[in-house]
Each structure stands twice: as C-alpha cells, then as structure tokens.
file model-v5.cif (mmCIF, C-alpha atoms and all ligand atoms)
data_coords
loop_
_atom_site.label_atom_id
_atom_site.label_comp_id
_atom_site.auth_asym_id
_atom_site.auth_seq_id
_atom_site.Cartn_x
_atom_site.Cartn_y
_atom_site.Cartn_z
CA MET A 1 0.00 0.00 0.00
CA LYS A 2 1.24 3.49 -0.83
CA ILE A 3 -0.08 6.61 0.89
CA PHE A 4 -0.22 9.98 -0.80
CA SER A 5 -1.24 13.30 0.66
CA GLY A 6 -2.65 16.33 -1.09
CA SER A 7 -1.62 19.67 0.34
CA SER A 8 -4.78 20.37 2.37
CA ASN A 9 -4.02 18.27 5.45
CA ARG A 10 -0.48 16.93 5.40
CA PRO A 11 -0.10 16.82 9.21
CA LEU A 12 -2.99 14.35 9.44
CA ALA A 13 -1.67 12.27 6.52
CA GLU A 14 1.76 12.10 8.19
CA LYS A 15 0.22 10.86 11.44
CA VAL A 16 -1.77 8.18 9.57
CA ALA A 17 1.33 7.02 7.68
CA GLN A 18 3.39 6.92 10.88
CA ASN A 19 0.72 4.85 12.59
CA LEU A 20 0.95 2.35 9.71
CA ASN A 21 4.77 2.36 9.78
CA LEU A 22 4.82 3.85 6.32
CA LYS A 23 6.19 7.02 4.80
CA LEU A 24 4.12 9.31 2.61
CA SER A 25 4.95 8.61 -1.03
CA PRO A 26 6.36 11.53 -3.01
CA LEU A 27 3.90 13.69 -4.90
CA GLU A 28 4.91 16.74 -6.88
CA ILE A 29 2.39 19.59 -6.65
CA HIS A 30 3.35 22.64 -8.64
CA LYS A 31 1.37 25.87 -8.36
CA PHE A 32 1.62 28.27 -11.30
CA PRO A 33 1.61 32.04 -10.77
CA ASP A 34 -2.02 32.21 -11.94
CA GLY A 35 -3.12 29.71 -9.29
CA GLU A 36 -3.43 26.69 -11.56
CA LYS A 37 -1.76 23.50 -10.39
CA ARG A 38 0.00 20.55 -11.98
CA VAL A 39 0.67 17.34 -10.10
CA ARG A 40 2.87 14.34 -10.78
CA VAL A 41 3.16 10.93 -9.17
CA SER A 42 5.64 8.27 -10.10
CA ASP A 43 5.97 4.57 -9.50
CA VAL A 44 2.41 3.49 -8.67
CA LEU A 45 1.96 0.92 -11.44
CA GLU A 46 -0.22 -1.93 -10.06
CA ASP A 47 -0.08 -0.43 -6.54
CA ASP A 48 -2.95 -0.13 -4.11
CA VAL A 49 -2.99 3.53 -3.30
CA VAL A 50 -4.47 5.61 -0.50
CA LEU A 51 -4.95 9.31 -1.10
CA ILE A 52 -5.65 11.64 1.83
CA GLN A 53 -7.17 15.00 0.96
CA SER A 54 -9.63 17.14 2.88
CA THR A 55 -11.70 19.75 1.11
CA GLY A 56 -12.09 22.56 3.61
CA ILE A 57 -11.09 26.18 2.87
CA PRO A 58 -10.05 26.91 0.10
CA VAL A 59 -12.72 24.42 -0.95
CA ASP A 60 -12.59 24.72 -4.73
CA GLU A 61 -8.79 24.73 -4.83
CA ASN A 62 -8.61 21.64 -2.64
CA TYR A 63 -11.18 19.84 -4.78
CA MET A 64 -9.39 20.75 -7.99
CA GLU A 65 -6.12 19.49 -6.56
CA LEU A 66 -7.86 16.27 -5.52
CA PHE A 67 -9.19 15.73 -9.05
CA LEU A 68 -5.75 16.34 -10.55
CA ILE A 69 -4.09 13.88 -8.18
CA LEU A 70 -6.72 11.25 -8.95
CA ASP A 71 -6.12 11.77 -12.66
CA SER A 72 -2.37 11.34 -12.28
CA LEU A 73 -2.80 8.20 -10.13
CA LYS A 74 -5.10 6.66 -12.73
CA ARG A 75 -2.88 7.57 -15.66
CA SER A 76 0.13 6.13 -13.84
CA GLY A 77 -1.58 2.76 -13.44
CA ALA A 78 -2.57 2.54 -9.78
CA ARG A 79 -4.41 -0.75 -9.24
CA SER A 80 -6.85 0.59 -6.68
CA ILE A 81 -7.52 3.97 -5.12
CA THR A 82 -8.93 4.51 -1.64
CA LEU A 83 -9.81 8.12 -1.10
CA VAL A 84 -9.65 9.29 2.49
CA ALA A 85 -11.60 12.55 2.51
CA PRO A 86 -11.91 13.27 6.24
CA TYR A 87 -14.07 16.27 5.42
CA PHE A 88 -16.05 16.78 2.21
CA GLY A 89 -16.80 20.35 1.22
CA TYR A 90 -20.19 21.06 -0.40
CA GLN A 91 -21.88 18.28 1.56
CA ARG A 92 -24.49 20.59 3.10
CA GLN A 93 -26.01 21.22 -0.31
CA ASP A 94 -27.13 17.60 -0.59
CA HIS A 95 -30.56 18.46 -1.97
CA MET A 96 -32.45 21.41 -3.47
CA PHE A 97 -33.57 23.65 -0.63
CA ARG A 98 -35.32 25.99 -3.07
CA GLU A 99 -36.57 25.38 -6.57
CA GLY A 100 -33.92 26.05 -9.20
CA GLU A 101 -30.89 25.30 -7.02
CA ASP A 102 -28.07 22.92 -7.85
CA VAL A 103 -27.34 19.80 -5.81
CA SER A 104 -23.67 20.50 -5.20
CA PHE A 105 -22.67 17.27 -3.55
CA LYS A 106 -24.15 15.17 -6.36
CA VAL A 107 -21.87 17.08 -8.74
CA ILE A 108 -18.86 16.26 -6.56
CA VAL A 109 -19.81 12.57 -6.43
CA GLN A 110 -20.22 12.42 -10.22
CA ILE A 111 -16.74 13.84 -10.73
CA LEU A 112 -15.17 11.52 -8.13
CA GLU A 113 -16.80 8.48 -9.69
CA SER A 114 -15.53 9.45 -13.12
CA PHE A 115 -12.02 8.69 -11.78
CA LYS A 116 -13.15 5.18 -10.78
CA VAL A 117 -12.16 5.61 -7.15
CA ASP A 118 -12.63 2.22 -5.47
CA LYS A 119 -13.54 3.24 -1.96
CA VAL A 120 -14.11 6.36 0.11
CA ILE A 121 -13.42 6.82 3.81
CA THR A 122 -14.89 9.88 5.48
CA PHE A 123 -16.14 11.26 8.80
CA ASP A 124 -19.39 12.55 10.24
CA LEU A 125 -21.26 13.41 7.10
CA HIS A 126 -23.90 16.06 7.39
CA SER A 127 -26.60 13.60 6.35
CA ILE A 128 -26.66 9.80 6.55
CA LYS A 129 -28.20 9.79 3.07
CA ILE A 130 -24.96 10.99 1.45
CA PRO A 131 -23.32 7.53 1.11
CA GLU A 132 -26.29 6.57 -1.09
CA PHE A 133 -25.13 9.14 -3.66
CA PHE A 134 -22.10 6.95 -4.39
CA HIS A 135 -22.04 3.70 -6.35
CA ILE A 136 -18.88 2.57 -4.56
CA PRO A 137 -18.32 1.57 -0.92
CA VAL A 138 -18.27 4.50 1.50
CA VAL A 139 -16.90 3.92 4.99
CA HIS A 140 -18.62 6.50 7.14
CA LEU A 141 -16.62 6.87 10.37
CA THR A 142 -17.50 8.99 13.35
CA ALA A 143 -15.27 11.12 15.54
CA LEU A 144 -17.96 11.41 18.19
CA ASP A 145 -16.33 8.59 20.13
CA LEU A 146 -13.27 10.78 20.68
CA PHE A 147 -15.51 13.06 22.67
CA THR A 148 -16.76 10.25 24.90
CA GLU A 149 -13.15 9.41 25.73
CA ARG A 150 -12.88 12.77 27.56
CA PRO A 151 -13.74 12.77 31.28
CA LEU A 152 -17.50 13.35 31.22
CA ASP A 153 -19.62 15.10 33.82
CA LYS A 154 -22.29 12.51 34.73
CA ASN A 155 -25.02 15.18 34.96
CA MET A 156 -24.18 16.90 31.73
CA VAL A 157 -26.88 17.33 29.06
CA LEU A 158 -25.97 16.77 25.42
CA VAL A 159 -27.45 19.40 23.13
CA SER A 160 -27.95 19.35 19.39
CA PRO A 161 -28.01 22.92 18.07
CA ASP A 162 -30.54 21.94 15.38
CA MET A 163 -33.01 19.18 14.59
CA GLY A 164 -30.69 17.79 11.89
CA GLY A 165 -28.23 16.71 14.60
CA ILE A 166 -30.65 14.51 16.52
CA ARG A 167 -29.14 11.22 15.36
CA ARG A 168 -25.67 12.33 16.54
CA ILE A 169 -26.96 13.31 19.95
CA LYS A 170 -28.94 10.05 20.30
CA TYR A 171 -25.83 8.07 19.38
CA LEU A 172 -23.83 9.84 22.07
CA SER A 173 -26.62 9.59 24.59
CA GLU A 174 -26.81 5.81 24.07
CA LYS A 175 -23.03 5.50 24.47
CA THR A 176 -22.76 7.66 27.57
CA GLY A 177 -26.14 7.37 29.26
CA LEU A 178 -26.36 11.19 29.30
CA SER A 179 -29.69 12.88 28.65
CA PHE A 180 -30.15 15.17 25.68
CA ALA A 181 -31.95 18.26 24.47
CA THR A 182 -32.44 19.76 21.02
CA ILE A 183 -32.71 23.29 19.74
CA GLU A 184 -34.99 24.52 17.01
CA LYS A 185 -32.87 26.55 14.61
CA ASN A 186 -33.79 28.58 11.57
CA ARG A 187 -31.39 29.86 8.97
CA ASP A 188 -32.28 32.57 6.50
CA LEU A 189 -31.29 30.95 3.21
CA LYS A 190 -30.41 34.29 1.62
CA THR A 191 -28.39 35.95 4.39
CA GLY A 192 -27.20 32.80 6.22
CA LYS A 193 -28.26 34.38 9.53
CA VAL A 194 -29.10 31.84 12.21
CA GLU A 195 -31.81 32.08 14.87
CA SER A 196 -32.26 29.55 17.63
CA SER A 197 -35.77 29.83 18.97
CA LYS A 198 -36.70 26.99 21.29
CA ILE A 199 -35.15 24.21 23.39
CA GLU A 200 -36.78 20.78 23.66
CA GLY A 201 -35.49 19.35 26.93
CA ASP A 202 -34.32 20.58 30.32
CA VAL A 203 -31.05 22.53 30.61
CA LYS A 204 -31.80 24.76 33.61
CA GLY A 205 -28.95 24.60 36.12
CA LYS A 206 -27.22 21.92 34.01
CA ASN A 207 -23.81 21.76 32.42
CA VAL A 208 -24.16 21.13 28.71
CA ALA A 209 -22.16 19.90 25.74
CA ILE A 210 -23.26 21.18 22.36
CA VAL A 211 -22.51 18.60 19.67
CA ASP A 212 -22.45 19.39 15.94
CA ASP A 213 -20.95 17.99 12.77
CA MET A 214 -19.15 21.18 11.80
CA ILE A 215 -18.49 24.77 12.73
CA SER A 216 -18.38 27.04 9.72
CA THR A 217 -19.18 30.69 10.53
CA GLY A 218 -19.83 29.92 14.21
CA GLY A 219 -23.35 31.35 13.86
CA THR A 220 -25.09 28.12 14.91
CA ILE A 221 -22.96 27.71 18.04
CA ARG A 222 -23.31 31.38 18.98
CA ALA A 223 -27.11 31.26 18.69
CA ALA A 224 -27.22 27.98 20.66
CA VAL A 225 -25.00 29.31 23.46
CA GLU A 226 -27.06 32.48 23.81
CA LEU A 227 -30.32 30.52 24.00
CA LEU A 228 -28.89 27.97 26.44
CA LYS A 229 -27.61 30.70 28.74
CA LYS A 230 -30.99 32.46 28.61
CA ASN A 231 -32.56 29.18 29.68
CA GLY A 232 -30.28 28.76 32.67
CA ALA A 233 -27.54 26.43 31.40
CA LYS A 234 -24.34 26.56 33.50
CA ARG A 235 -21.01 25.49 32.03
CA ILE A 236 -21.02 24.97 28.26
CA ASN A 237 -18.57 22.93 26.20
CA VAL A 238 -18.72 22.50 22.44
CA PHE A 239 -17.79 19.51 20.31
CA ALA A 240 -17.81 19.56 16.50
CA THR A 241 -16.00 17.15 14.22
CA HIS A 242 -15.09 19.51 11.38
CA ALA A 243 -13.45 22.87 12.08
CA VAL A 244 -14.29 24.68 8.86
CA LEU A 245 -13.82 28.02 10.66
CA ALA A 246 -14.86 30.44 7.94
CA GLY A 247 -14.43 34.20 8.27
CA ASP A 248 -14.45 35.41 11.88
CA ALA A 249 -15.53 32.09 13.38
CA SER A 250 -12.45 31.79 15.60
CA SER A 251 -12.94 35.14 17.29
CA ILE A 252 -16.71 34.54 17.61
CA LEU A 253 -16.05 31.25 19.38
CA GLU A 254 -13.25 32.63 21.55
CA ASN A 255 -15.57 35.36 22.84
CA LEU A 256 -18.49 33.07 23.66
CA ASP A 257 -19.33 32.08 27.21
CA VAL A 258 -18.03 28.53 26.75
CA GLU A 259 -15.23 26.59 28.42
CA LYS A 260 -13.74 24.66 25.53
CA VAL A 261 -14.36 24.09 21.85
CA TYR A 262 -13.30 20.57 20.88
CA VAL A 263 -12.81 19.87 17.19
CA THR A 264 -10.82 17.28 15.26
CA ASP A 265 -8.11 17.41 12.64
CA THR A 266 -10.33 16.25 9.76
CA ILE A 267 -9.49 19.75 8.51
CA ASP A 268 -6.09 21.21 9.28
CA THR A 269 -6.53 24.33 11.44
CA PRO A 270 -3.97 26.95 10.43
CA GLN A 271 -2.07 28.72 13.20
CA ASP A 272 -3.90 32.03 12.68
CA LYS A 273 -7.27 30.34 13.26
CA LYS A 274 -6.30 28.71 16.54
CA PHE A 275 -7.60 30.28 19.74
CA SER A 276 -7.12 29.58 23.42
CA LYS A 277 -10.38 27.66 23.98
CA LEU A 278 -9.77 25.38 21.01
CA GLU A 279 -8.66 21.79 21.57
CA ILE A 280 -7.95 19.62 18.54
CA LEU A 281 -8.40 15.85 18.82
CA SER A 282 -6.91 13.61 16.15
CA VAL A 283 -8.77 11.16 13.92
CA ALA A 284 -5.47 9.69 12.63
CA ASP A 285 -5.75 6.47 14.65
CA LEU A 286 -9.30 5.89 13.45
CA ILE A 287 -8.21 6.24 9.82
CA ALA A 288 -5.15 4.01 10.30
CA LYS A 289 -7.29 1.34 11.98
CA GLU A 290 -9.67 1.39 9.01
CA LEU A 291 -6.81 1.10 6.51
CA LYS A 292 -5.04 -1.77 8.30
C1 LIG A 301 -26.03 22.64 9.80
O1 LIG A 301 -27.05 22.03 9.68
C2 LIG A 301 -24.76 22.03 10.36
O2 LIG A 301 -25.01 20.88 11.11
C3 LIG A 301 -24.01 23.04 11.19
O3 LIG A 301 -24.78 23.36 12.32
C4 LIG A 301 -23.73 24.27 10.40
O4 LIG A 301 -23.27 23.96 9.13
C5 LIG A 301 -22.75 25.16 11.10
O5 LIG A 301 -22.56 26.30 10.31
P1 LIG A 301 -22.30 27.71 10.97
O6 LIG A 301 -21.13 27.55 11.91
O7 LIG A 301 -22.01 28.60 9.81
O8 LIG A 301 -23.55 28.11 11.67
#
call {"tool": "encode", "arguments": {"input": "model-v5.cif", "output": "structure tokens", "more": "lines below"}}
Ligand code: R5P
result
Amino acid sequence: MKIFSGSSNRPLAEKVAQNLNLKLSPLEIHKFPDGEKRVRVSDVLEDDVVLIQSTGIPVDENYMELFLILDSLKRSGARSITLVAPYFGYQRQDHMFREGEDVSFKVIVQILESFKVDKVITFDLHSIKIPEFFHIPVVHLTALDLFTERPLDKNMVLVSPDMGGIRRIKYLSEKTGLSFATIEKNRDLKTGKVESSKIEGDVKGKNVAIVDDMISTGGTIRAAVELLKKNGAKRINVFATHAVLAGDASSILENLDVEKVYVTDTIDTPQDKKFSKLEILSVADLIAKELK
C-alpha cells in the first residue's frame, strides 16, 4: 500500500502514515503564478494507493487538486484507489432547498466516480443519506467517540443545536447514558443568519455539551450558546467534528461564554485560526485502523 497526501491536510496524513509504519509517497504539486496546479506521481503501477485529501477552505482549490491527483494516479496505473476525505466540502447542499438550485454534492460525487475511485473513507457526514449518492463503498466513520473518551460530567446534558443533529446526539446519549436536548434553529437561506428559537429538553442549572458535525461561521454555536444561557444552562462545552472556521468564526467562538471548543483534525486548522479555547483531537488512529 502506498499513501499519498494532497496539500490540504499533510499533518494528518503524516500521522496516519506513521501509525501504519509507512512514509508518505512523493507527490509533486506545482502551483503556477495564476493559481493553476499541476501534479505528478511516479511509480504506482499496479499499486494499491491511499490518497488523503480534505476539502475545507479553500474548498474549490482543494477539490481541484484532488481531481488532478486522482487523474495522475489513474494515468500512472494505480491498481486501486482509496480516497480518504476526512471532510467533504459542499456536503451541506445535498438536496435542493429551493426550486432552481443545484445539488452541489451530487456534482462532486459524479466527478469523483468518473475517476473510478474504489472506496471512500470519510467522517461525520452532514446527512446519513450521502453515502447513497455513491455507487462505490463508502466507509462513514465517526469522531464522536473521541468526545466520549474525555472525562465526562455525569449530569451533563448533550445538546444538538438543530433538529438535523438529533441522530448524533442520540448516538452519544446511548453510548454515555447522558440525557439530551435539542434546539430549534432557523437559517435565513439568503443571508445565512441563524436564529435559535426553542429548546426541547431541560437545561436549567445543568452543564451542557453542544454537539455538531461542523463549525463554519460559528453562527449556529453562537445562537445555541445564547439561547442555552438564557434558559439557565451553566457550564457549556462544544464539540464539532469539522473545524471549517470560515471568516471570523475563531474570534466569535473565543468570545463566547463557553469553556472549551473541541474539534478534530479532519481539517487542518492553520495557526492564525487557533484560539485559546480550542482543543484539537486527532482522527489519525481511526483512519489508520480502518486502513489496516
Ligand atoms: C447545519 O445544519 C450544520 O449541522 C451546522 O450546524 C452548520 O453547518 C454550522 O454552520 P455555521 O457555523 O455557519 O452556523
């Protein structure tokens, strides 16, 4: 098996390779002055290849690089390709919310399948329906277990910041025996502004953990924290698998009345987006275990 890494999340790819007692195989990625890229692999004829590439910010650039690497692996005769995409950009647009819209993630799947990828490994997809878009095996892993490995407060309430996260919160509740609550959230589809209106469940006087699949602008977490505080929640911690951290998300999160924001390294968090409340847990062992 040979492991290749795109440029979006090399630290994670290095950890996975180390765990498997392998070295990352060389991959030439050249960026032209106009932003275009050219990639080159060598020596993969008849090899089983693993490619690790996340598609967080810059999303389109990371996708384009992924497509180019897949093309070069195919042209160079790789026998099989397992794509480890710890985070897939565009996955939230998995259906038409309004008439006339595109279905972005279907477009991504069509392109990926055109390269005859053999298998996909990914984490905490926004919807459990997404694997059905593919005609190849998709291993859908979860990083939620990393959260349960932290010392847990026995009286803590797990909170989903929107109805879409109910299955995640139920999964964690079954694993930990903790009770849960859910928030009703509305997002203005034109402005992206989030409003959290109502909590189903009891949080008064309780410590809570908000659990989500991803933090993008931080708007969902901010609205949830404000509503929880208004309803008497005490200490608040946040756990989200994917740290997309768009725009001012880091400073929004840093200034919230929360103790810690746990995320994972499915997306590499650049130094300038790190903040003191942020703790990054690694999914490298989970990927390595799946590849073994
Ligand atoms: C939405 O349904 C997702 O589960 C997340 O809650 C959302 O994508 C987070 O985005 P933002 O941080 O921009 O509110």
call {"tool": "atom_distance", "arguments": {"input": "model-v5.cif", "atom1": "atom CA of Gly247 of chain A", "atom2": "atom CA of Tyr90 of chain A"}}
result
16.8 Å
call {"tool": "closest_residue", "arguments": {"input": "model-v5.cif", "among": "A:Glu113, A:Thr148, A:Phe123, A:Ser54", "to": "His135 of chain A", "atoms": "all atoms listed in the file"}}
result
A:Glu113
call {"tool": "atom_distance", "arguments": {"input": "model-v5.cif", "atom1": "atom CA of Ser160 of chain A", "atom2": "atom CA of Val225 of chain A"}}
result
11.2 Å
call {"tool": "residues_near_ligand", "arguments": {"input": "model-v5.cif", "ligand": "ligand LIG 301 (chain A)", "cutoff": "10 Å", "atoms": "all atoms listed in the file", "output": "PDB file with C-alpha atoms, in the coordinates of the input"}}
result
ATOM      1  CA  GLN A  91     -21.880  18.280   1.560  1.00  0.00           C
ATOM      2  CA  ARG A  92     -24.490  20.590   3.100  1.00  0.00           C
ATOM      3  CA  LEU A 125     -21.260  13.410   7.100  1.00  0.00           C
ATOM      4  CA  HIS A 126     -23.900  16.060   7.390  1.00  0.00           C
ATOM      5  CA  SER A 127     -26.600  13.600   6.350  1.00  0.00           C
ATOM      6  CA  SER A 160     -27.950  19.350  19.390  1.00  0.00           C
ATOM      7  CA  PRO A 161     -28.010  22.920  18.070  1.00  0.00           C
ATOM      8  CA  ASP A 162     -30.540  21.940  15.380  1.00  0.00           C
ATOM      9  CA  MET A 163     -33.010  19.180  14.590  1.00  0.00           C
ATOM     10  CA  GLY A 164     -30.690  17.790  11.890  1.00  0.00           C
ATOM     11  CA  GLY A 165     -28.230  16.710  14.600  1.00  0.00           C
ATOM     12  CA  LYS A 185     -32.870  26.550  14.610  1.00  0.00           C
ATOM     13  CA  ASN A 186     -33.790  28.580  11.570  1.00  0.00           C
ATOM     14  CA  ARG A 187     -31.390  29.860   8.970  1.00  0.00           C
ATOM     15  CA  GLY A 192     -27.200  32.800   6.220  1.00  0.00           C
ATOM     16  CA  LYS A 193     -28.260  34.380   9.530  1.00  0.00           C
ATOM     17  CA  VAL A 194     -29.100  31.840  12.210  1.00  0.00           C
ATOM     18  CA  GLU A 195     -31.810  32.080  14.870  1.00  0.00           C
ATOM     19  CA  VAL A 211     -22.510  18.600  19.670  1.00  0.00           C
ATOM     20  CA  ASP A 212     -22.450  19.390  15.940  1.00  0.00           C
ATOM     21  CA  ASP A 213     -20.950  17.990  12.770  1.00  0.00           C
ATOM     22  CA  MET A 214     -19.150  21.180  11.800  1.00  0.00           C
ATOM     23  CA  ILE A 215     -18.490  24.770  12.730  1.00  0.00           C
ATOM     24  CA  SER A 216     -18.380  27.040   9.720  1.00  0.00           C
ATOM     25  CA  THR A 217     -19.180  30.690  10.530  1.00  0.00           C
ATOM     26  CA  GLY A 218     -19.830  29.920  14.210  1.00  0.00           C
ATOM     27  CA  GLY A 219     -23.350  31.350  13.860  1.00  0.00           C
ATOM     28  CA  THR A 220     -25.090  28.120  14.910  1.00  0.00           C
ATOM     29  CA  ILE A 221     -22.960  27.710  18.040  1.00  0.00           C
ATOM     30  CA  ARG A 222     -23.310  31.380  18.980  1.00  0.00           C
ATOM     31  CA  ALA A 223     -27.110  31.260  18.690  1.00  0.00           C
ATOM     32  CA  ALA A 224     -27.220  27.980  20.660  1.00  0.00           C
ATOM     33  CA  ALA A 240     -17.810  19.560  16.500  1.00  0.00           C
ATOM     34  CA  HIS A 242     -15.090  19.510  11.380  1.00  0.00           C
ATOM     35  CA  ALA A 243     -13.450  22.870  12.080  1.00  0.00           C
ATOM     36  CA  VAL A 244     -14.290  24.680   8.860  1.00  0.00           C
ATOM     37  CA  LEU A 245     -13.820  28.020  10.660  1.00  0.00           C
ATOM     38  CA  ALA A 246     -14.860  30.440   7.940  1.00  0.00           C
ATOM     39  CA  GLY A 247     -14.430  34.200   8.270  1.00  0.00           C
ATOM     40  CA  ALA A 249     -15.530  32.090  13.380  1.00  0.00           C
ATOM     41  CA  LEU A 253     -16.050  31.250  19.380  1.00  0.00           C
TER      42      LEU A 253
END
call {"tool": "closest_residue", "arguments": {"input": "model-v5.cif", "among": "A:Leu24, A:Met156, A:Val49, A:Leu68", "to": "Pro11 of chain A", "atoms": "only C-alpha atoms"}}
result
A:Leu24
call {"tool": "atom_distance", "arguments": {"input": "model-v5.cif", "atom1": "atom CA of Thr241 of chain A", "atom2": "atom CA of Asn21 of chain A"}}
result
25.9 Å
call {"tool": "build_atoms", "arguments": {"input": "model-v5.cif", "residues": "segment 244-256 of chain A", "atoms": "N, CA, C and O atoms", "output": "short mmCIF file (atom, residue, chain, number, x, y, z; two decimals), in the coordinates of the input"}}
result
data_model
loop_
_atom_site.label_atom_id
_atom_site.label_comp_id
_atom_site.auth_asym_id
_atom_site.auth_seq_id
_atom_site.Cartn_x
_atom_site.Cartn_y
_atom_site.Cartn_z
N VAL A 244 -14.39 23.94 10.13
CA VAL A 244 -14.29 24.68 8.86
C VAL A 244 -13.77 26.10 9.14
O VAL A 244 -12.94 26.62 8.41
N LEU A 245 -14.27 26.72 10.17
CA LEU A 245 -13.82 28.02 10.66
C LEU A 245 -13.69 29.08 9.55
O LEU A 245 -12.60 29.55 9.23
N ALA A 246 -14.84 29.41 8.99
CA ALA A 246 -14.86 30.44 7.94
C ALA A 246 -14.90 31.84 8.56
O ALA A 246 -15.42 32.02 9.67
N GLY A 247 -14.35 32.78 7.85
CA GLY A 247 -14.43 34.20 8.27
C GLY A 247 -13.95 34.41 9.69
O GLY A 247 -12.84 34.01 10.06
N ASP A 248 -14.83 35.06 10.50
CA ASP A 248 -14.45 35.41 11.88
C ASP A 248 -14.80 34.33 12.89
O ASP A 248 -14.89 34.61 14.10
N ALA A 249 -15.04 33.12 12.45
CA ALA A 249 -15.53 32.09 13.38
C ALA A 249 -14.65 31.95 14.62
O ALA A 249 -15.16 31.85 15.74
N SER A 250 -13.33 32.00 14.43
CA SER A 250 -12.45 31.79 15.60
C SER A 250 -12.67 32.84 16.66
O SER A 250 -12.78 32.53 17.85
N SER A 251 -12.76 34.11 16.26
CA SER A 251 -12.94 35.14 17.29
C SER A 251 -14.36 35.10 17.87
O SER A 251 -14.56 35.35 19.04
N ILE A 252 -15.35 34.70 17.07
CA ILE A 252 -16.71 34.54 17.61
C ILE A 252 -16.70 33.48 18.71
O ILE A 252 -17.21 33.67 19.81
N LEU A 253 -16.06 32.37 18.42
CA LEU A 253 -16.05 31.25 19.38
C LEU A 253 -15.25 31.61 20.62
O LEU A 253 -15.64 31.32 21.75
N GLU A 254 -14.11 32.25 20.42
CA GLU A 254 -13.25 32.63 21.55
C GLU A 254 -13.99 33.54 22.53
O GLU A 254 -13.80 33.47 23.74
N ASN A 255 -14.87 34.39 21.99
CA ASN A 255 -15.57 35.36 22.84
C ASN A 255 -16.89 34.85 23.41
O ASN A 255 -17.59 35.58 24.10
N LEU A 256 -17.25 33.61 23.12
CA LEU A 256 -18.49 33.07 23.66
C LEU A 256 -18.29 32.61 25.10
O LEU A 256 -17.17 32.28 25.50
#
